[in-house]
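Coordinates from start27.cif are shown below (mmCIF, C-alpha atoms).
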data_final
loop_
_atom_site.label_atom_id
_atom_site.label_comp_id
_atom_site.auth_asym_id
_atom_site.auth_seq_id
_atom_site.Cartn_x
_atom_site.Cartn_y
_atom_site.Cartn_z
CA MET D 1 -128.18 -73.42 -71.54
CA THR D 2 -126.05 -75.18 -74.17
CA LEU D 3 -125.74 -78.92 -74.62
CA HIS D 4 -122.43 -79.08 -72.75
CA GLU D 5 -123.69 -76.83 -69.97
CA GLU D 6 -126.51 -79.32 -69.44
CA GLU D 7 -124.02 -82.20 -69.46
CA VAL D 8 -121.82 -80.54 -66.85
CA ALA D 9 -124.83 -79.76 -64.66
CA GLU D 10 -125.85 -83.41 -64.80
CA GLU D 11 -122.30 -84.50 -64.02
CA LEU D 12 -122.04 -82.16 -61.03
CA SER D 13 -125.39 -83.27 -59.62
CA ASP D 14 -125.31 -86.99 -60.40
CA GLY D 15 -121.60 -87.67 -60.86
CA VAL D 16 -122.26 -89.19 -64.27
CA LEU D 17 -121.98 -87.52 -67.66
CA THR D 18 -125.19 -88.34 -69.54
CA LYS D 19 -125.00 -88.29 -73.33
CA ASN D 20 -127.77 -86.45 -75.13
CA PRO D 21 -128.36 -88.15 -78.49
CA SER D 22 -130.71 -85.44 -79.77
CA ARG D 23 -127.90 -83.35 -81.27
CA VAL D 24 -126.56 -86.37 -83.14
CA ARG D 25 -129.99 -87.06 -84.59
CA VAL D 26 -130.45 -83.44 -85.64
CA VAL D 27 -127.04 -83.25 -87.32
CA ALA D 28 -127.51 -86.62 -89.04
CA GLY D 29 -130.96 -85.59 -90.26
CA ARG D 30 -129.67 -82.32 -91.69
CA PHE D 31 -126.71 -84.10 -93.28
CA PHE D 32 -128.78 -86.75 -95.07
CA ARG D 33 -131.35 -84.17 -96.18
CA SER D 34 -128.52 -82.44 -98.04
CA ARG D 35 -128.24 -83.68 -101.61
CA GLN D 36 -124.48 -83.21 -101.75
CA GLY D 37 -124.03 -84.92 -98.37
CA LEU D 38 -126.12 -87.89 -99.39
CA ALA D 39 -124.41 -88.10 -102.77
CA GLY D 40 -120.95 -87.92 -101.21
CA PHE D 41 -121.81 -90.55 -98.60
CA VAL D 42 -123.21 -92.96 -101.19
CA VAL D 43 -120.27 -92.48 -103.56
CA LEU D 44 -117.69 -92.93 -100.79
CA ALA D 45 -119.49 -96.03 -99.52
CA VAL D 46 -119.39 -97.45 -103.06
CA MET D 47 -115.66 -96.64 -103.26
CA PHE D 48 -114.99 -98.51 -100.02
CA LEU D 49 -117.11 -101.44 -101.15
CA LEU D 50 -115.32 -101.55 -104.50
CA ALA D 51 -111.88 -101.29 -102.89
CA PHE D 52 -112.34 -104.05 -100.30
CA ALA D 53 -114.95 -106.33 -101.88
CA GLY D 54 -114.09 -105.81 -105.56
CA PRO D 55 -110.96 -108.03 -105.52
CA LEU D 56 -113.11 -110.99 -104.47
CA PHE D 57 -114.77 -111.01 -107.90
CA SER D 58 -111.52 -111.16 -109.88
CA ARG D 59 -109.31 -114.19 -110.37
CA TRP D 60 -106.23 -111.97 -110.51
CA SER D 61 -104.31 -110.67 -107.51
CA TYR D 62 -102.29 -107.46 -107.57
CA THR D 63 -99.14 -109.58 -107.37
CA ASP D 64 -100.11 -111.89 -110.25
CA LYS D 65 -98.76 -111.49 -113.77
CA ASP D 66 -100.25 -112.80 -117.00
CA PHE D 67 -97.30 -113.53 -119.30
CA THR D 68 -99.68 -114.03 -122.23
CA ALA D 69 -101.14 -110.51 -122.00
CA PHE D 70 -98.67 -107.64 -121.98
CA LEU D 71 -100.18 -104.15 -122.20
CA GLN D 72 -103.54 -105.49 -123.35
CA PRO D 73 -106.68 -103.30 -123.41
CA PRO D 74 -109.68 -104.10 -121.20
CA SER D 75 -111.23 -107.47 -121.94
CA SER D 76 -113.29 -110.20 -120.31
CA SER D 77 -110.10 -111.66 -118.81
CA HIS D 78 -108.68 -108.35 -117.59
CA TRP D 79 -111.47 -105.86 -116.91
CA PHE D 80 -109.18 -102.81 -116.76
CA GLY D 81 -106.50 -104.21 -119.08
CA THR D 82 -102.90 -105.05 -118.20
CA LEU D 83 -99.59 -103.28 -117.74
CA GLN D 84 -96.35 -103.86 -119.64
CA THR D 85 -95.43 -106.42 -116.98
CA GLY D 86 -98.67 -108.37 -117.43
CA SER D 87 -100.10 -107.19 -114.11
CA ASP D 88 -103.88 -106.84 -113.95
CA VAL D 89 -104.82 -103.13 -113.79
CA TYR D 90 -108.13 -103.86 -112.03
CA ALA D 91 -106.45 -105.73 -109.18
CA LEU D 92 -103.67 -103.14 -108.88
CA THR D 93 -106.13 -100.23 -108.91
CA LEU D 94 -108.27 -101.67 -106.13
CA ARG D 95 -105.20 -102.50 -104.06
CA GLY D 96 -103.95 -98.95 -104.54
CA MET D 97 -107.35 -97.55 -103.57
CA GLN D 98 -107.35 -99.69 -100.41
CA LYS D 99 -103.98 -98.34 -99.36
CA SER D 100 -104.79 -94.71 -100.17
CA LEU D 101 -108.12 -94.83 -98.32
CA VAL D 102 -106.55 -96.40 -95.23
CA VAL D 103 -103.65 -93.95 -95.25
CA GLY D 104 -106.00 -91.00 -95.73
CA LEU D 105 -108.38 -92.03 -92.94
CA LEU D 106 -105.66 -92.83 -90.40
CA ALA D 107 -103.65 -89.70 -91.16
CA ALA D 108 -106.78 -87.55 -90.86
CA LEU D 109 -107.78 -89.08 -87.52
CA VAL D 110 -104.28 -88.75 -86.05
CA SER D 111 -103.79 -85.18 -87.26
CA THR D 112 -107.21 -84.03 -86.03
CA ALA D 113 -106.71 -85.67 -82.63
CA LEU D 114 -103.30 -84.03 -82.34
CA ALA D 115 -104.72 -80.64 -83.30
CA ALA D 116 -107.51 -80.99 -80.74
CA VAL D 117 -105.22 -81.94 -77.86
CA VAL D 118 -102.45 -79.43 -78.57
CA GLY D 119 -104.80 -76.54 -79.32
CA ALA D 120 -107.06 -77.23 -76.33
CA PHE D 121 -104.18 -77.53 -73.86
CA ALA D 122 -102.49 -74.40 -75.22
CA GLY D 123 -105.68 -72.36 -75.03
CA TYR D 124 -106.80 -73.66 -71.63
CA PHE D 125 -103.55 -73.45 -69.67
CA LEU D 126 -101.91 -70.52 -71.53
CA GLY D 127 -98.62 -69.39 -69.89
CA TRP D 128 -95.56 -71.52 -70.54
CA THR D 129 -97.70 -74.40 -71.83
CA ASP D 130 -99.10 -72.15 -74.53
CA ARG D 131 -95.66 -70.75 -75.37
CA VAL D 132 -94.06 -74.18 -75.76
CA LEU D 133 -96.90 -75.70 -77.78
CA SER D 134 -97.21 -72.60 -79.96
CA TRP D 135 -93.45 -72.68 -80.61
CA VAL D 136 -93.67 -76.33 -81.72
CA THR D 137 -96.68 -75.51 -83.91
CA ASP D 138 -94.96 -72.56 -85.56
CA LEU D 139 -91.80 -74.61 -86.10
CA LEU D 140 -93.69 -77.36 -87.92
CA LEU D 141 -95.52 -74.75 -89.99
CA VAL D 142 -92.27 -73.42 -91.45
CA LEU D 143 -90.58 -76.79 -91.94
CA PRO D 144 -90.78 -78.15 -95.52
CA GLY D 145 -92.93 -81.20 -94.88
CA PHE D 146 -92.61 -82.60 -98.42
CA LEU D 147 -88.80 -82.44 -98.25
CA ILE D 148 -88.65 -84.07 -94.82
CA LEU D 149 -90.94 -86.90 -95.91
CA ALA D 150 -88.85 -87.35 -99.05
CA ILE D 151 -85.66 -87.64 -96.99
CA MET D 152 -87.31 -90.17 -94.67
CA SER D 153 -88.75 -92.26 -97.52
CA PRO D 154 -86.16 -95.11 -97.11
CA LEU D 155 -87.68 -95.74 -93.66
CA PHE D 156 -91.06 -96.48 -95.27
CA GLU D 157 -89.83 -99.63 -97.01
CA SER D 158 -90.50 -103.23 -95.94
CA GLY D 159 -94.12 -102.58 -95.03
CA GLN D 160 -93.45 -99.64 -92.71
CA TRP D 161 -96.41 -97.68 -94.07
CA PRO D 162 -97.79 -96.95 -90.54
CA LEU D 163 -94.67 -94.82 -89.98
CA PHE D 164 -95.49 -92.99 -93.19
CA VAL D 165 -99.02 -92.34 -91.87
CA LEU D 166 -97.65 -90.88 -88.62
CA MET D 167 -95.18 -88.63 -90.44
CA LEU D 168 -97.88 -87.50 -92.86
CA ALA D 169 -100.23 -86.67 -89.96
CA LEU D 170 -97.43 -84.73 -88.28
CA PHE D 171 -97.64 -82.05 -90.99
CA LEU D 172 -101.44 -81.72 -91.23
CA TRP D 173 -102.57 -80.51 -87.80
CA MET D 174 -100.97 -77.11 -87.15
CA VAL D 175 -103.52 -74.71 -88.68
CA THR D 176 -106.44 -76.48 -87.02
CA SER D 177 -104.57 -76.42 -83.73
CA LYS D 178 -104.35 -72.64 -83.84
CA ILE D 179 -108.09 -72.40 -84.49
CA VAL D 180 -108.80 -74.77 -81.59
CA ARG D 181 -106.55 -72.70 -79.32
CA GLY D 182 -108.45 -69.50 -80.07
CA MET D 183 -111.82 -71.15 -79.55
CA THR D 184 -110.65 -72.72 -76.28
CA ILE D 185 -109.57 -69.34 -74.89
CA SER D 186 -113.11 -68.11 -75.46
CA LEU D 187 -114.75 -71.32 -74.30
CA LYS D 188 -112.90 -71.50 -70.97
CA GLU D 189 -114.74 -68.38 -69.82
CA ARG D 190 -118.15 -70.04 -70.16
CA GLU D 191 -120.20 -70.72 -67.05
CA PHE D 192 -120.13 -74.51 -67.24
CA ILE D 193 -116.31 -74.51 -67.40
CA HIS D 194 -116.18 -72.22 -64.36
CA ALA D 195 -118.63 -74.49 -62.55
CA ALA D 196 -116.52 -77.58 -63.23
CA ARG D 197 -113.37 -75.78 -62.11
CA TYR D 198 -114.95 -74.55 -58.87
CA MET D 199 -116.16 -78.07 -58.08
CA GLY D 200 -112.57 -79.32 -58.24
CA VAL D 201 -112.68 -81.16 -61.57
CA PRO D 202 -109.05 -81.73 -62.71
CA PRO D 203 -107.97 -79.46 -65.62
CA ALA D 204 -107.09 -82.39 -67.89
CA ARG D 205 -110.56 -83.85 -67.37
CA ILE D 206 -112.16 -80.50 -68.15
CA VAL D 207 -110.20 -80.35 -71.41
CA PHE D 208 -111.09 -83.88 -72.52
CA ARG D 209 -114.65 -84.05 -71.20
CA HIS D 210 -115.92 -80.54 -71.84
CA VAL D 211 -113.64 -78.38 -73.99
CA ILE D 212 -112.83 -80.81 -76.81
CA PRO D 213 -116.40 -82.23 -77.06
CA ASN D 214 -117.72 -78.68 -77.36
CA LEU D 215 -115.48 -78.28 -80.44
CA SER D 216 -116.73 -81.50 -82.00
CA SER D 217 -118.35 -79.81 -85.00
CA LEU D 218 -115.08 -78.15 -86.03
CA LEU D 219 -113.05 -81.31 -85.42
CA ILE D 220 -115.40 -83.62 -87.32
CA VAL D 221 -115.44 -81.35 -90.37
CA ASP D 222 -111.67 -80.91 -90.15
CA ALA D 223 -111.11 -84.67 -89.96
CA THR D 224 -113.32 -85.20 -92.99
CA LEU D 225 -111.51 -82.62 -95.09
CA ASN D 226 -108.15 -83.91 -93.88
CA VAL D 227 -108.97 -87.27 -95.48
CA SER D 228 -108.89 -85.76 -98.96
CA ALA D 229 -105.82 -83.67 -98.07
CA ALA D 230 -104.00 -86.77 -96.81
CA ILE D 231 -104.97 -88.80 -99.90
CA LEU D 232 -103.73 -86.08 -102.25
CA THR D 233 -100.52 -85.61 -100.26
CA GLU D 234 -99.87 -89.35 -100.22
CA THR D 235 -100.56 -89.49 -103.95
CA SER D 236 -98.10 -86.67 -104.64
CA LEU D 237 -95.39 -88.23 -102.49
CA SER D 238 -95.90 -91.71 -103.93
CA TYR D 239 -95.88 -90.27 -107.46
CA PHE D 240 -92.30 -89.12 -106.88
CA GLY D 241 -91.36 -92.35 -105.10
CA PHE D 242 -91.34 -90.95 -101.55
CA GLY D 243 -94.56 -92.46 -100.19
CA ILE D 244 -95.82 -96.04 -100.30
CA GLN D 245 -92.90 -98.20 -101.37
CA PRO D 246 -92.89 -101.29 -103.66
CA PRO D 247 -93.99 -104.04 -103.72
CA ASP D 248 -97.08 -102.33 -102.31
CA VAL D 249 -99.01 -99.85 -104.43
CA SER D 250 -101.20 -96.77 -103.95
CA PHE D 251 -102.91 -94.22 -106.15
CA GLY D 252 -99.66 -92.28 -106.43
CA THR D 253 -97.47 -95.16 -107.53
CA LEU D 254 -100.08 -96.35 -110.05
CA ILE D 255 -100.50 -92.86 -111.53
CA ALA D 256 -96.72 -92.51 -111.78
CA ASP D 257 -96.45 -95.80 -113.68
CA GLY D 258 -99.52 -95.15 -115.81
CA SER D 259 -98.44 -91.66 -116.87
CA LYS D 260 -95.58 -93.19 -118.85
CA THR D 261 -97.99 -95.14 -121.07
CA ALA D 262 -101.08 -92.93 -120.87
CA THR D 263 -100.83 -91.68 -124.48
CA TYR D 264 -100.86 -95.09 -126.18
CA ALA D 265 -102.36 -97.27 -123.40
CA PRO D 266 -104.84 -94.97 -121.61
CA TRP D 267 -106.32 -97.78 -119.49
CA THR D 268 -103.10 -97.86 -117.46
CA PHE D 269 -103.71 -94.29 -116.26
CA TRP D 270 -107.31 -93.13 -116.56
CA PHE D 271 -109.01 -95.77 -114.42
CA VAL D 272 -106.93 -94.98 -111.35
CA ALA D 273 -106.95 -91.24 -112.05
CA GLY D 274 -110.74 -91.27 -112.37
CA LEU D 275 -111.21 -93.18 -109.12
CA LEU D 276 -108.88 -90.74 -107.33
CA VAL D 277 -110.92 -87.75 -108.52
CA VAL D 278 -114.23 -89.39 -107.58
CA THR D 279 -112.97 -90.39 -104.12
CA VAL D 280 -111.60 -86.94 -103.26
CA LEU D 281 -114.75 -85.26 -104.62
CA ALA D 282 -116.96 -87.51 -102.46
CA VAL D 283 -114.94 -86.74 -99.33
CA ASN D 284 -115.13 -83.00 -100.02
CA LEU D 285 -118.90 -83.19 -100.54
CA ILE D 286 -119.25 -84.95 -97.19
CA GLY D 287 -117.07 -82.33 -95.50
CA ASP D 288 -119.11 -79.44 -96.92
CA ALA D 289 -122.39 -81.11 -95.95
CA LEU D 290 -121.15 -81.78 -92.43
CA ARG D 291 -120.10 -78.15 -92.05
CA ASP D 292 -123.61 -77.03 -93.04
CA ALA D 293 -125.24 -79.65 -90.80
CA PHE D 294 -123.32 -78.45 -87.74
CA ASP D 295 -124.00 -74.78 -88.51
CA PRO D 296 -127.40 -73.80 -87.07
CA ALA D 297 -127.60 -70.83 -89.47
CA ALA D 298 -126.93 -72.95 -92.58
CA LYS D 299 -129.60 -72.84 -95.27
CA ARG D 300 -130.63 -75.80 -97.34
#
Encoded form using structure tokens:
Amino acid sequence: MTLHEEEVAEELSDGVLTKNPSRVRVVAGRFFRSRQGLAGFVVLAVMFLLAFAGPLFSRWSYTDKDFTAFLQPPSSSHWFGTLQTGSDVYALTLRGMQKSLVVGLLAALVSTALAAVVGAFAGYFLGWTDRVLSWVTDLLLVLPGFLILAIMSPLFESGQWPLFVLMLALFLWMVTSKIVRGMTISLKEREFIHAARYMGVPPARIVFRHVIPNLSSLLIVDATLNVSAAILTETSLSYFGFGIQPPDVSFGTLIADGSKTATYAPWTFWFVAGLLVVTVLAVNLIGDALRDAFDPAAKR
């Protein structure tokens, strides 16, 4: 009997769904025993700490300008140097990392949740529900997401970055949704799903309480990998001016500005580029380690 079969049996007998923490402990233990998982987790934690606590140790804000230090190399006053405008590169870099991390996390969570719901409902109900949801999924797959986001970029001004997150998430969920649909079609034939259906459990409750939780390993790994995909997509869009809009900054906007002076003032480009590479690498290491931790056949 699987974990979710046991949960359904408990729910049908007691009326309460009892959580079994043993699986969480096993997965967490396997994850932290993995060198790449532990390394990725530590590095990403350091990136978050640097992004949100680092500005507290600098006397410069990302909006401040030092009119006595234009395009100056790193020094005791400006740890990462300054831009042509006198802005502190350290403060700007950490602000950009904050925005990119938040955008990446939120977009990944929204896209994974959307993929789980759409794929599970399409696979469970089939019929016209499956046809409609599959048509929407296929339509979004063929639409040029980059072009649509570029056209909508004027709407992202004046602090409307949450709208940018939603639009970014809208183009990240389709492939995972198709995988979830296929797994749901197979999962709905399992005994514990039949038992819940025969006991009169509403279909929507079966989907949210039994189908989607049974796909948690896929969804967690997908959400993790979507973080790096969302960060890179946001960086690409912001590089061309279609993502995060001024006066706010992100990795993309900083790389776009720094690339113009990278040859003769490398500090304006390489600090932010290096942090971007390290952040994405850490997220990918975590995603790979989580995939191995959820896979019972994975070898250390």
For segment 123-217 of chain D versus segment 88-106 of chain D, which residues have an atom no more than 12 Å away, and what is each residue's nearest atom pair and distance in Å rounded to one decimal, using all atoms listed in the file, chain-then-number order, as a Markdown table?
| residue | atom | partner | partner_atom | distance |
| --- | --- | --- | --- | --- |
| D:Gly159 | CA | D:Lys99 | CA | 11.6 |
| D:Gln160 | CA | D:Val103 | CA | 12.0 |
| D:Trp161 | CA | D:Val103 | CA | 8.2 |
| D:Pro162 | CA | D:Val103 | CA | 8.1 |
| D:Leu163 | CA | D:Val103 | CA | 10.4 |
| D:Phe164 | CA | D:Val103 | CA | 8.5 |
| D:Val165 | CA | D:Val103 | CA | 6.0 |
| D:Leu166 | CA | D:Leu106 | CA | 8.4 |
| D:Met167 | CA | D:Val103 | CA | 11.1 |
| D:Leu168 | CA | D:Val103 | CA | 9.0 |
| D:Ala169 | CA | D:Leu106 | CA | 8.2 |
| D:Leu170 | CA | D:Leu106 | CA | 11.7 |
| D:Leu172 | CA | D:Gly104 | CA | 11.3 |
Would you pick out the contacts of Phe32 of chain D at 12 Å or less, using all atoms listed in the file, so that residues sharing its chain but fewer than 4 positions from it are not included, and give the list as an mmCIF file with C-alpha atoms, in the frame of the given file?
data_model
loop_
_atom_site.group_PDB
_atom_site.id
_atom_site.type_symbol
_atom_site.label_atom_id
_atom_site.label_comp_id
_atom_site.auth_asym_id
_atom_site.auth_seq_id
_atom_site.Cartn_x
_atom_site.Cartn_y
_atom_site.Cartn_z
ATOM 1 C CA ARG D 25 -129.990 -87.060 -84.590
ATOM 2 C CA VAL D 26 -130.450 -83.440 -85.640
ATOM 3 C CA VAL D 27 -127.040 -83.250 -87.320
ATOM 4 C CA ALA D 28 -127.510 -86.620 -89.040
ATOM 5 C CA GLN D 36 -124.480 -83.210 -101.750
ATOM 6 C CA GLY D 37 -124.030 -84.920 -98.370
ATOM 7 C CA LEU D 38 -126.120 -87.890 -99.390
ATOM 8 C CA ALA D 39 -124.410 -88.100 -102.770
ATOM 9 C CA GLY D 40 -120.950 -87.920 -101.210
ATOM 10 C CA PHE D 41 -121.810 -90.550 -98.600
ATOM 11 C CA VAL D 42 -123.210 -92.960 -101.190
ATOM 12 C CA LEU D 285 -118.900 -83.190 -100.540
ATOM 13 C CA ILE D 286 -119.250 -84.950 -97.190
ATOM 14 C CA ALA D 289 -122.390 -81.110 -95.950
ATOM 15 C CA LEU D 290 -121.150 -81.780 -92.430
ATOM 16 C CA ASP D 292 -123.610 -77.030 -93.040
ATOM 17 C CA ALA D 293 -125.240 -79.650 -90.800
ATOM 18 C CA ARG D 300 -130.630 -75.800 -97.340
#
For segment 55-65 of chain D, find every residue with an atom within 12 Å (counting all atoms listed in the file), except residues of its own chain fewer than 3 positions away, and show them as JSON, numbers by chain.
{"D": [48, 49, 50, 51, 52, 68, 69, 70, 71, 76, 77, 78, 79, 80, 81, 82, 83, 84, 85, 86, 87, 88, 89, 90, 91, 92, 93, 94, 95, 96, 97, 98, 246, 247, 248, 249, 250, 254]}
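The nearest approach to Val117 of chain D among the residues D:Val43, D:Ala256, D:Leu143, D:Leu219, with all atoms listed in the file taken into account, belongs to D:Leu219.
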| field | Residue members of the PyMOL selection byres ((chain D and resi 123-136) around 6) in the file shown, as number ranges by chain | value | D: 120-122, 137-139, 181, 184-185
Separating atom CA of Ala115 of chain D from atom CA of Lys178 of chain D, to the nearest tenth of an Å, is a gap of 8.0 Å
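Pairwise distance (atom CA of Gly287 of chain D, atom CA of Thr253 of chain D) equals 26.3 Å.
Take atom CA of Met152 of chain D and atom CA of Ile255 of chain D: the distance between them is 21.6 Å.
Contact shell of Glu234 of chain D at 7 Å (all atoms listed in the file; same-chain neighbours under 4 positions omitted): D:Ala230, D:Ser238, D:Gly243, D:Gly252.
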Q) What residues come out when you apply the PyMOL selection byres ((chain D and resi 228) around 7) to this file, written as a PyMOL selection string? A) chain D and resi 104+225-227+229-232+280+283-284
Of D:Phe192, D:Ile151, D:Met183, D:Trp173, the one sitting nearest Leu237 of chain D when using only C-alpha atoms is D:Ile151
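Distance annotation: of D:Met47, D:Val180, D:Ala150, D:Thr279, the residue with the minimal separation from Ser236 of chain D is D:Ala150; atom set is all atoms listed in the file.
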task = Run the PyMOL selection byres ((chain D and resi 220) around 10) mentally over the shown coordinates, then write out the matched residues as JSON, numbers by chain, using the chain letters and numbers from the document.
result = {"D": [109, 112, 215, 216, 217, 218, 219, 221, 222, 223, 224, 225, 226, 287, 290, 291, 294]}
I need the residues from that last selection saved to file as a PDB file, keeping the file's coordinate frame (with C-alpha atoms), if you can.
ATOM      1  CA  LEU D 109    -107.780 -89.080 -87.520  1.00  0.00           C
ATOM      2  CA  THR D 112    -107.210 -84.030 -86.030  1.00  0.00           C
ATOM      3  CA  LEU D 215    -115.480 -78.280 -80.440  1.00  0.00           C
ATOM      4  CA  SER D 216    -116.730 -81.500 -82.000  1.00  0.00           C
ATOM      5  CA  SER D 217    -118.350 -79.810 -85.000  1.00  0.00           C
ATOM      6  CA  LEU D 218    -115.080 -78.150 -86.030  1.00  0.00           C
ATOM      7  CA  LEU D 219    -113.050 -81.310 -85.420  1.00  0.00           C
ATOM      8  CA  VAL D 221    -115.440 -81.350 -90.370  1.00  0.00           C
ATOM      9  CA  ASP D 222    -111.670 -80.910 -90.150  1.00  0.00           C
ATOM     10  CA  ALA D 223    -111.110 -84.670 -89.960  1.00  0.00           C
ATOM     11  CA  THR D 224    -113.320 -85.200 -92.990  1.00  0.00           C
ATOM     12  CA  LEU D 225    -111.510 -82.620 -95.090  1.00  0.00           C
ATOM     13  CA  ASN D 226    -108.150 -83.910 -93.880  1.00  0.00           C
ATOM     14  CA  GLY D 287    -117.070 -82.330 -95.500  1.00  0.00           C
ATOM     15  CA  LEU D 290    -121.150 -81.780 -92.430  1.00  0.00           C
ATOM     16  CA  ARG D 291    -120.100 -78.150 -92.050  1.00  0.00           C
ATOM     17  CA  PHE D 294    -123.320 -78.450 -87.740  1.00  0.00           C
TER      18      PHE D 294
END
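Using all atoms listed in the file, the smallest distance between any of D:Phe251, D:Glu189, D:Ala282, D:Glu157 and Thr268 of chain D comes from D:Phe251.
Remark: for Val118 of chain D, the closest of the candidate residues D:Thr176, D:Gly145, D:Phe171, D:Pro203 is D:Thr176 (distances computed over only C-alpha atoms).
Remark: for Lys188 of chain D, the closest of the candidate residues D:Gly200, D:Arg205, D:His210, D:Phe156 is D:His210 (distances computed over all atoms listed in the file).
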